[in-house]
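One structure below.
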Amino acid sequence: MNRTQKDRQILFNKYEGKCAYCGDDLKKGWHVDHIEPIVRNWLDGSCKNPHLKNNIENKNPSCASCNIQKNSFSIEEFRYNIKKFVELLNKNSTQYKFAKRYGLIKETEVEVKFYFEKINKQPLAS
Ligand SMILES: [Zn+2]
C-alpha cells in the first residue's frame, strides 16, 4: 500500500466510511476534500495555503457531490451556500414552487449541520 492509499484509508476511517459533510456512505470514487481550500492559480502554478497542500489534517473524506458543491469554499462559506439553496429554489424553480404550493415540500429553519458536527468530532484543521 503506497502513501496515497494509506492516506485514503486513514481518511475513509476518519468518519467510519461516511462523508464528513452529509454523512452518506462513501461510495467507490469518493473524494478527498481540502478543509481549508487549496486554490490553485493555473497561470503561475501557485496556490493559496500551500503549506496545507499535503497535510492530512487538512483533508476530509467527502462524497463526490458534497466535494463538488464545497468547491474552493471554506466550511462556513459552504454552510452559507447550502442555506441559500432554498432561497434560490423559491426564486428560480417553478417545479419547486409548485411542489411547495401543493404541500409536497415543507421548509424549515433548521441550521445546516455537517455530519462531523453531529457526531461531535471536529475536523483537525479549521
Ligand atoms: Zn456528502
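Each chain of the C-alpha cells is named A, B, ... in the order shown, its residues numbered from 1; ligands are numbered from 1 in display order.
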Item to complete: Go through the chains and note each residue within 10 Å of ligand 1, using only C-alpha atoms and all ligand atoms, then give the set as number ranges by chain.
Response: A: 18-26, 30-31, 61-70, 114-115
Discussion item. Residues within 10 Å of Cys47 in chain A, please, as a list of chain:residue names. Count only C-alpha atoms; anything in the same chain fewer than 6 positions from it doesn't count.
Written reply: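 So the residues in contact are A:Pro37, A:Ile38, A:Val39, A:Arg40, A:Asn41, A:Lys53.
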Item to complete: DSSP on the backbone, then: every residue of range 63-102 of chain A marked alpha helix (DSSP H), written as a ChimeraX atom specification.
Response: /A:64-70,75-92,94-101
Item to complete: For CA of Tyr15 in chain A and CA of Asn60 in chain A, determine how far apart the two atoms are, in Å to one decimal place.
Response: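 According to the coordinates, CA of Tyr15 in chain A and CA of Asn60 in chain A are separated by 8.9 Å.
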Worksheet item: How far is it from CA of Asn81 in chain A to CA of Glu36 in chain A, in Å with one decimal?
Response: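 Taking CA of Asn81 in chain A and CA of Glu36 in chain A, their separation equals 16.0 Å.
Proximity ranking of A:Glu16, A:Glu117, A:Asp33, A:Asp44 relative to Lys59 in chain A places A:Asp33 first, based on only C-alpha atoms.
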Practice prompt. Just list the residues in chain A DSSP gives strand (DSSP E or B) on the backbone, as a list in words.
Written response: Lys18, Asp25, His31, Val32, Asp33, His34, Arg40, Cys47, Lys59, Asn60, Pro61 and Ser62 of chain A
Worksheet entry | Residue contacts of Leu89 in chain A (12 Å, only C-alpha atoms) excluding same-chain residues fewer than 6 positions away, as an MDAnalysis selection string | chainID A and resid 82:83 95:100 105 107
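Straight-line separation from CA of His34 in chain A to CA of Lys14 in chain A: 14.1 Å.
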